Amino acid sequence: MVELKTPSVGVGQTALFTAWMRQLESERPDGLFRDPLAAAMLSALAEDPVLAEVAEVIKQTHNSAAGFPTYFAVRTRFLDDEILAGVGAGIRQVVTLAAGVDGRTVRLALPAGTRWFEVELPEMTQFKDALIARSGLPLACERHGVAADLREDWQSRLRAAGFDPRQPTVWLVEGLLMYLTDTAGESLLAGLTELSSPGSRLMLEHLKAAMLEEEGRPVRERVEEQGAKWLSARDDLEEWLGGHGWRARVYAGDDPRIGHGRTVAPLPACWLAAAEL
């Protein structure tokens with residue numbers, strides 16, 4: 001059996017929470033998706049007593065927030081559908097920034113020839129590679145784990161892994177921008193745009209500005225209890241992306257048009273965007 005080196009508590013806690021949300025959805029008879037990698041990760045991390053305690057805290061904190069887990073299901077399904085639309089249109093190169101333990105490379109029905117690059121910190125990349133090997137789940141595409149810090153020169157590491165900027169790309173930026181400063185977020189968008197050829201597509205999530213004000217304080221406090229902190233939010237995604245050459249469609253996280261009949265809690269208030277260069 002492949003040996004897993006458990007990530008640090010901060011890294012593991014975030015990954016554990018996301019995996020738990022996806023596992024909850026996967027267990028529903030009407031689930032919007034099925035994520036077998038989430039179950040594999042929860043099983044692996046349950047062997048670590050520190051992270052097992054963290055898991056219990058996360059469950060106690062969020063079980064009382066009606067509709068909160070539903071947002072993660074709706075977000076995941078929205079991004080799934082947009083990614084599949086991109087590869088369905090002929091794009092065969094996908095990049096996820098801050099990929100975490102996202103299971104899309106083992107669970108989506110991807111066309112032959114799809115190459116998927118997952119950019120993450122070295123510690124999480126090592127864990128994810130080992131987790132996939134240990135799970136025995138077959139890959140749905142050619143997967144490349146790219147160990148890089150998004151605050152540094154991640155573009156060079158992505159190129160070195162075989163990424164081809166001459167080919168259109170589907171970019172996924174999920175659960176990331178709100179943890180970056182405005183300056184860092186601007187740099188990230190400029191960096192991925194520089195690597196994008198015409199016809200590329202971009203899917204991303206961001207916070208509504210109210211989440212950094214009094215309205216968002218209760219949710220911010222729960223986030224900070226998990227050792228994270230929101231650093232940015234914005235309500236001008238269409239204009240912001242347009243300034244970098246992307247034509248975007250933007251939806252509120254609780255917009256019934258993308259909810260598949262689910263009722264999403266109004267907080268945290270987020271935006272989901274799908275754009276084309």
# chains A, B, ... in the order shown; residues from 1 in each chain; ligands from 1
>>> select_by_dssp(residues="stretch 47-208 of chain A", states="strand (DSSP E)", output="list in words")
Gln93, Val94, Val95, Thr96, Leu97, Arg115, Trp116, Phe117, Glu118, Val119, Glu120, Glu142, Arg143, His144, Gly145, Val146, Ala147, Val170, Trp171, Leu172, Val173, Arg201, Leu202, Met203, Leu204, Glu205, His206 and Leu207 of chain A
>>> residues_around(residues="A:Trp230", least_positions_apart="3", cutoff="10 Å", atoms="only C-alpha atoms", output="PyMOL selection string")
chain A and resi 176-181+207+211-212+220-221+223-224+233
>>> write_last_selection(atoms="N, CA, C and O atoms", output="CSV table (one decimal), in the first residue's frame")
chain,number,residue,atom,x,y,z
A,176,LEU,N,-10.2,30.0,-3.9
A,176,LEU,CA,-8.9,30.6,-3.8
A,176,LEU,C,-8.9,32.1,-3.6
A,176,LEU,O,-8.2,32.6,-2.7
A,177,LEU,N,-9.5,32.8,-4.5
A,177,LEU,CA,-9.3,34.2,-4.6
A,177,LEU,C,-9.6,35.0,-3.4
A,177,LEU,O,-9.0,36.0,-3.0
A,178,MET,N,-10.6,34.5,-2.6
A,178,MET,CA,-10.9,35.2,-1.3
A,178,MET,C,-9.8,35.2,-0.3
A,178,MET,O,-9.8,35.9,0.7
A,179,TYR,N,-8.9,34.2,-0.5
A,179,TYR,CA,-7.8,34.1,0.5
A,179,TYR,C,-6.5,34.8,0.0
A,179,TYR,O,-5.5,34.7,0.7
A,180,LEU,N,-6.7,35.5,-1.1
A,180,LEU,CA,-5.6,36.3,-1.6
A,180,LEU,C,-5.9,37.8,-1.5
A,180,LEU,O,-7.1,38.2,-1.5
A,181,THR,N,-4.9,38.6,-1.4
A,181,THR,CA,-5.1,40.1,-1.4
A,181,THR,C,-5.6,40.5,-2.8
A,181,THR,O,-5.4,39.7,-3.8
A,207,LEU,N,-15.9,36.0,-3.4
A,207,LEU,CA,-16.8,36.5,-2.4
A,207,LEU,C,-17.5,37.7,-2.9
A,207,LEU,O,-16.9,38.5,-3.6
A,211,MET,N,-19.3,40.3,2.3
A,211,MET,CA,-18.7,39.3,3.2
A,211,MET,C,-17.5,39.9,4.0
A,211,MET,O,-17.2,39.3,5.0
A,212,LEU,N,-17.0,41.0,3.6
A,212,LEU,CA,-15.9,41.6,4.4
A,212,LEU,C,-16.4,42.8,5.2
A,212,LEU,O,-15.6,43.5,5.9
A,220,ARG,N,-17.3,34.9,8.6
A,220,ARG,CA,-15.9,35.2,8.7
A,220,ARG,C,-15.3,34.6,10.0
A,220,ARG,O,-14.2,34.0,9.9
A,221,GLU,N,-16.0,34.7,11.0
A,221,GLU,CA,-15.5,34.2,12.3
A,221,GLU,C,-15.4,32.7,12.3
A,221,GLU,O,-14.4,32.1,12.8
A,223,VAL,N,-14.8,30.9,9.6
A,223,VAL,CA,-13.7,30.6,8.7
A,223,VAL,C,-12.4,30.8,9.5
A,223,VAL,O,-11.4,30.0,9.4
A,224,GLU,N,-12.3,31.9,10.3
A,224,GLU,CA,-11.1,32.1,11.0
A,224,GLU,C,-10.9,31.1,12.1
A,224,GLU,O,-9.7,30.8,12.5
A,233,ALA,N,-12.6,40.5,-1.7
A,233,ALA,CA,-14.0,40.2,-2.2
A,233,ALA,C,-14.3,41.3,-3.2
A,233,ALA,O,-13.7,42.4,-3.2
>>> residues_around(residues="stretch 168-173 of chain A", least_positions_apart="2", cutoff="7 Å", atoms="only C-alpha atoms", output="PDB file with N, CA, C and O atoms, in the first residue's frame")
ATOM      1  N   ILE A  83     -16.753  22.978 -17.026  1.00  0.00           N
ATOM      2  CA  ILE A  83     -15.545  22.277 -17.487  1.00  0.00           C
ATOM      3  C   ILE A  83     -15.900  21.313 -18.605  1.00  0.00           C
ATOM      4  O   ILE A  83     -15.219  21.263 -19.646  1.00  0.00           O
ATOM      5  N   GLY A  86     -16.425  23.009 -21.774  1.00  0.00           N
ATOM      6  CA  GLY A  86     -15.173  23.405 -22.397  1.00  0.00           C
ATOM      7  C   GLY A  86     -14.505  22.266 -23.145  1.00  0.00           C
ATOM      8  O   GLY A  86     -14.095  22.421 -24.301  1.00  0.00           O
ATOM      9  N   ILE A  91     -11.576  21.644 -26.260  1.00  0.00           N
ATOM     10  CA  ILE A  91     -10.378  21.966 -25.478  1.00  0.00           C
ATOM     11  C   ILE A  91      -9.894  20.701 -24.777  1.00  0.00           C
ATOM     12  O   ILE A  91     -10.684  19.971 -24.180  1.00  0.00           O
ATOM     13  N   GLN A  93      -6.914  20.749 -22.699  1.00  0.00           N
ATOM     14  CA  GLN A  93      -5.936  21.119 -21.683  1.00  0.00           C
ATOM     15  C   GLN A  93      -6.662  21.852 -20.551  1.00  0.00           C
ATOM     16  O   GLN A  93      -7.322  22.868 -20.780  1.00  0.00           O
ATOM     17  N   VAL A  94      -6.552  21.316 -19.339  1.00  0.00           N
ATOM     18  CA  VAL A  94      -7.236  21.867 -18.181  1.00  0.00           C
ATOM     19  C   VAL A  94      -6.205  22.160 -17.097  1.00  0.00           C
ATOM     20  O   VAL A  94      -5.278  21.378 -16.884  1.00  0.00           O
ATOM     21  N   VAL A  95      -6.368  23.292 -16.411  1.00  0.00           N
ATOM     22  CA  VAL A  95      -5.483  23.652 -15.298  1.00  0.00           C
ATOM     23  C   VAL A  95      -6.329  24.065 -14.107  1.00  0.00           C
ATOM     24  O   VAL A  95      -7.197  24.926 -14.227  1.00  0.00           O
ATOM     25  N   THR A  96      -6.079  23.449 -12.961  1.00  0.00           N
ATOM     26  CA  THR A  96      -6.693  23.867 -11.707  1.00  0.00           C
ATOM     27  C   THR A  96      -5.632  24.538 -10.853  1.00  0.00           C
ATOM     28  O   THR A  96      -4.564  23.967 -10.620  1.00  0.00           O
ATOM     29  N   LEU A  97      -5.911  25.748 -10.383  1.00  0.00           N
ATOM     30  CA  LEU A  97      -5.004  26.457  -9.492  1.00  0.00           C
ATOM     31  C   LEU A  97      -5.478  26.252  -8.057  1.00  0.00           C
ATOM     32  O   LEU A  97      -6.653  26.440  -7.763  1.00  0.00           O
ATOM     33  N   ARG A 166       0.157  27.514 -26.276  1.00  0.00           N
ATOM     34  CA  ARG A 166      -0.361  27.722 -27.640  1.00  0.00           C
ATOM     35  C   ARG A 166      -1.721  27.060 -27.827  1.00  0.00           C
ATOM     36  O   ARG A 166      -2.424  27.352 -28.806  1.00  0.00           O
ATOM     37  N   GLY A 175     -12.354  28.331  -4.729  1.00  0.00           N
ATOM     38  CA  GLY A 175     -11.979  28.392  -3.325  1.00  0.00           C
ATOM     39  C   GLY A 175     -10.618  28.996  -3.080  1.00  0.00           C
ATOM     40  O   GLY A 175      -9.907  28.578  -2.159  1.00  0.00           O
ATOM     41  N   LEU A 176     -10.231  30.001  -3.870  1.00  0.00           N
ATOM     42  CA  LEU A 176      -8.884  30.558  -3.774  1.00  0.00           C
ATOM     43  C   LEU A 176      -8.851  32.073  -3.643  1.00  0.00           C
ATOM     44  O   LEU A 176      -8.198  32.615  -2.742  1.00  0.00           O
ATOM     45  N   SER A 196      -2.891  32.066 -21.783  1.00  0.00           N
ATOM     46  CA  SER A 196      -4.109  31.588 -22.443  1.00  0.00           C
ATOM     47  C   SER A 196      -4.157  31.992 -23.906  1.00  0.00           C
ATOM     48  O   SER A 196      -3.979  33.160 -24.247  1.00  0.00           O
ATOM     49  N   SER A 197      -4.448  31.039 -24.755  1.00  0.00           N
ATOM     50  CA  SER A 197      -4.651  31.338 -26.172  1.00  0.00           C
ATOM     51  C   SER A 197      -6.132  31.625 -26.409  1.00  0.00           C
ATOM     52  O   SER A 197      -6.979  31.281 -25.582  1.00  0.00           O
ATOM     53  N   PRO A 198      -6.469  32.278 -27.531  1.00  0.00           N
ATOM     54  CA  PRO A 198      -7.879  32.578 -27.815  1.00  0.00           C
ATOM     55  C   PRO A 198      -8.740  31.326 -27.764  1.00  0.00           C
ATOM     56  O   PRO A 198      -8.328  30.250 -28.188  1.00  0.00           O
ATOM     57  N   GLY A 199      -9.944  31.479 -27.215  1.00  0.00           N
ATOM     58  CA  GLY A 199     -10.847  30.346 -27.066  1.00  0.00           C
ATOM     59  C   GLY A 199     -10.733  29.658 -25.724  1.00  0.00           C
ATOM     60  O   GLY A 199     -11.532  28.758 -25.416  1.00  0.00           O
ATOM     61  N   SER A 200      -9.760  30.068 -24.918  1.00  0.00           N
ATOM     62  CA  SER A 200      -9.634  29.494 -23.574  1.00  0.00           C
ATOM     63  C   SER A 200     -10.843  29.869 -22.728  1.00  0.00           C
ATOM     64  O   SER A 200     -11.528  30.863 -22.987  1.00  0.00           O
ATOM     65  N   ARG A 201     -11.083  29.068 -21.710  1.00  0.00           N
ATOM     66  CA  ARG A 201     -12.211  29.311 -20.814  1.00  0.00           C
ATOM     67  C   ARG A 201     -11.725  29.373 -19.372  1.00  0.00           C
ATOM     68  O   ARG A 201     -10.735  28.732 -19.013  1.00  0.00           O
ATOM     69  N   LEU A 202     -12.438  30.147 -18.564  1.00  0.00           N
ATOM     70  CA  LEU A 202     -12.056  30.367 -17.172  1.00  0.00           C
ATOM     71  C   LEU A 202     -13.292  30.238 -16.285  1.00  0.00           C
ATOM     72  O   LEU A 202     -14.302  30.875 -16.529  1.00  0.00           O
ATOM     73  N   MET A 203     -13.191  29.399 -15.266  1.00  0.00           N
ATOM     74  CA  MET A 203     -14.237  29.255 -14.267  1.00  0.00           C
ATOM     75  C   MET A 203     -13.660  29.674 -12.921  1.00  0.00           C
ATOM     76  O   MET A 203     -12.592  29.200 -12.530  1.00  0.00           O
ATOM     77  N   LEU A 204     -14.348  30.567 -12.214  1.00  0.00           N
ATOM     78  CA  LEU A 204     -13.827  30.981 -10.915  1.00  0.00           C
ATOM     79  C   LEU A 204     -14.937  31.338  -9.941  1.00  0.00           C
ATOM     80  O   LEU A 204     -16.086  31.548 -10.321  1.00  0.00           O
ATOM     81  N   GLU A 205     -14.527  31.397  -8.686  1.00  0.00           N
ATOM     82  CA  GLU A 205     -15.406  31.745  -7.575  1.00  0.00           C
ATOM     83  C   GLU A 205     -14.788  32.916  -6.818  1.00  0.00           C
ATOM     84  O   GLU A 205     -13.565  33.009  -6.684  1.00  0.00           O
TER      85      GLU A 205
END
>>> residues_around(residues="A:Gly242", least_positions_apart="4", cutoff="12 Å", atoms="only C-alpha atoms", output="PyMOL selection string")
chain A and resi 189-190+193+202+236-238+246-250+273-277
>>> write_last_selection(atoms="C-alpha atoms", output="compact mmCIF listing (two decimals), in the first residue's frame")
# COMPACT_ATOMS: atom_id res chain seq x y z
CA LEU A 189 -5.52 36.64 -13.24
CA ALA A 190 -2.89 38.45 -15.31
CA THR A 193 -4.38 35.25 -19.01
CA LEU A 202 -12.06 30.37 -17.17
CA ASP A 236 -17.48 43.61 -10.33
CA LEU A 237 -16.42 40.23 -11.71
CA GLU A 238 -17.82 40.85 -15.19
CA TRP A 246 -12.53 37.62 -20.77
CA ARG A 247 -16.25 37.69 -21.63
CA ALA A 248 -18.01 36.42 -18.51
CA ARG A 249 -21.35 35.12 -17.26
CA VAL A 250 -21.70 35.70 -13.51
CA ALA A 273 -18.29 33.01 -13.08
CA ALA A 274 -17.67 31.29 -16.39
CA ALA A 275 -15.75 33.23 -19.01
CA GLU A 276 -14.22 32.86 -22.48
CA LEU A 277 -11.17 34.65 -23.84
>>> closest_residue(among="A:Arg217, A:Arg222, A:Arg115, A:Lys128", to="A:Arg143", atoms="only C-alpha atoms")
A:Arg115
>>> closest_residue(among="A:Ala73, A:Arg28, A:Leu231, A:Pro36", to="A:Pro138", atoms="only C-alpha atoms")
A:Pro36
>>> atom_distance(atom1="atom CA of A:Trp116", atom2="atom CA of A:Cys141")
6.8 Å
>>> closest_residue(among="A:Glu186, A:Gln155, A:Tyr71, A:Arg257", to="A:Gly243", atoms="only C-alpha atoms")
A:Glu186
>>> residues_around(residues="A:Thr263", least_positions_apart="5", cutoff="9 Å", atoms="only C-alpha atoms", output="JSON, numbers by chain")
{"A": [67, 70, 71, 254, 256]}
>>> write_last_selection(atoms="C-alpha atoms", output="PDB file, in the first residue's frame")
ATOM      1  CA  GLY A  67     -28.172  25.288   3.453  1.00  0.00           C
ATOM      2  CA  THR A  70     -25.622  22.840  -0.237  1.00  0.00           C
ATOM      3  CA  TYR A  71     -23.619  25.754  -1.623  1.00  0.00           C
ATOM      4  CA  ASP A 254     -27.813  31.112  -4.474  1.00  0.00           C
ATOM      5  CA  PRO A 256     -31.903  29.298  -8.662  1.00  0.00           C
TER       6      PRO A 256
END
>>> closest_residue(among="A:Phe117, A:Trp271, A:Tyr251, A:Trp20", to="A:Ala209", atoms="only C-alpha atoms")
A:Trp271
>>> atom_distance(atom1="atom CA of A:Met124", atom2="atom CA of A:Thr76")
20.1 Å
>>> residues_around(residues="A:Asp255", least_positions_apart="2", cutoff="12 Å", atoms="only C-alpha atoms", output="list in words")
Tyr71, Val74, Arg75, Phe78, Val250, Tyr251, Ala252, Gly253, Arg257, Ile258, Gly259, His260, Gly261, Arg262, Thr263, Val264, Ala265, Pro266, Ala269, Cys270, Trp271 and Leu272 of chain A
>>> write_last_selection(atoms="C-alpha atoms", output="mmCIF file, in the first residue's frame")
data_model
loop_
_atom_site.group_PDB
_atom_site.id
_atom_site.type_symbol
_atom_site.label_atom_id
_atom_site.label_comp_id
_atom_site.auth_asym_id
_atom_site.auth_seq_id
_atom_site.Cartn_x
_atom_site.Cartn_y
_atom_site.Cartn_z
ATOM 1 C CA TYR A 71 -23.619 25.754 -1.623
ATOM 2 C CA VAL A 74 -24.091 23.625 -6.243
ATOM 3 C CA ARG A 75 -20.669 25.225 -6.749
ATOM 4 C CA PHE A 78 -21.776 24.384 -11.747
ATOM 5 C CA VAL A 250 -21.697 35.703 -13.513
ATOM 6 C CA TYR A 251 -24.153 34.095 -11.098
ATOM 7 C CA ALA A 252 -24.803 34.515 -7.387
ATOM 8 C CA GLY A 253 -24.131 31.320 -5.456
ATOM 9 C CA ARG A 257 -30.799 29.143 -12.310
ATOM 10 C CA ILE A 258 -27.768 27.100 -11.250
ATOM 11 C CA GLY A 259 -29.212 25.454 -8.134
ATOM 12 C CA HIS A 260 -30.754 22.284 -9.612
ATOM 13 C CA GLY A 261 -33.726 22.790 -7.310
ATOM 14 C CA ARG A 262 -31.592 23.140 -4.171
ATOM 15 C CA THR A 263 -32.036 25.939 -1.617
ATOM 16 C CA VAL A 264 -28.679 27.549 -0.920
ATOM 17 C CA ALA A 265 -28.046 29.561 2.244
ATOM 18 C CA PRO A 266 -27.685 33.307 1.540
ATOM 19 C CA ALA A 269 -22.542 35.217 -0.358
ATOM 20 C CA CYS A 270 -20.413 34.230 -3.336
ATOM 21 C CA TRP A 271 -20.178 34.725 -7.079
ATOM 22 C CA LEU A 272 -19.570 32.002 -9.654
#
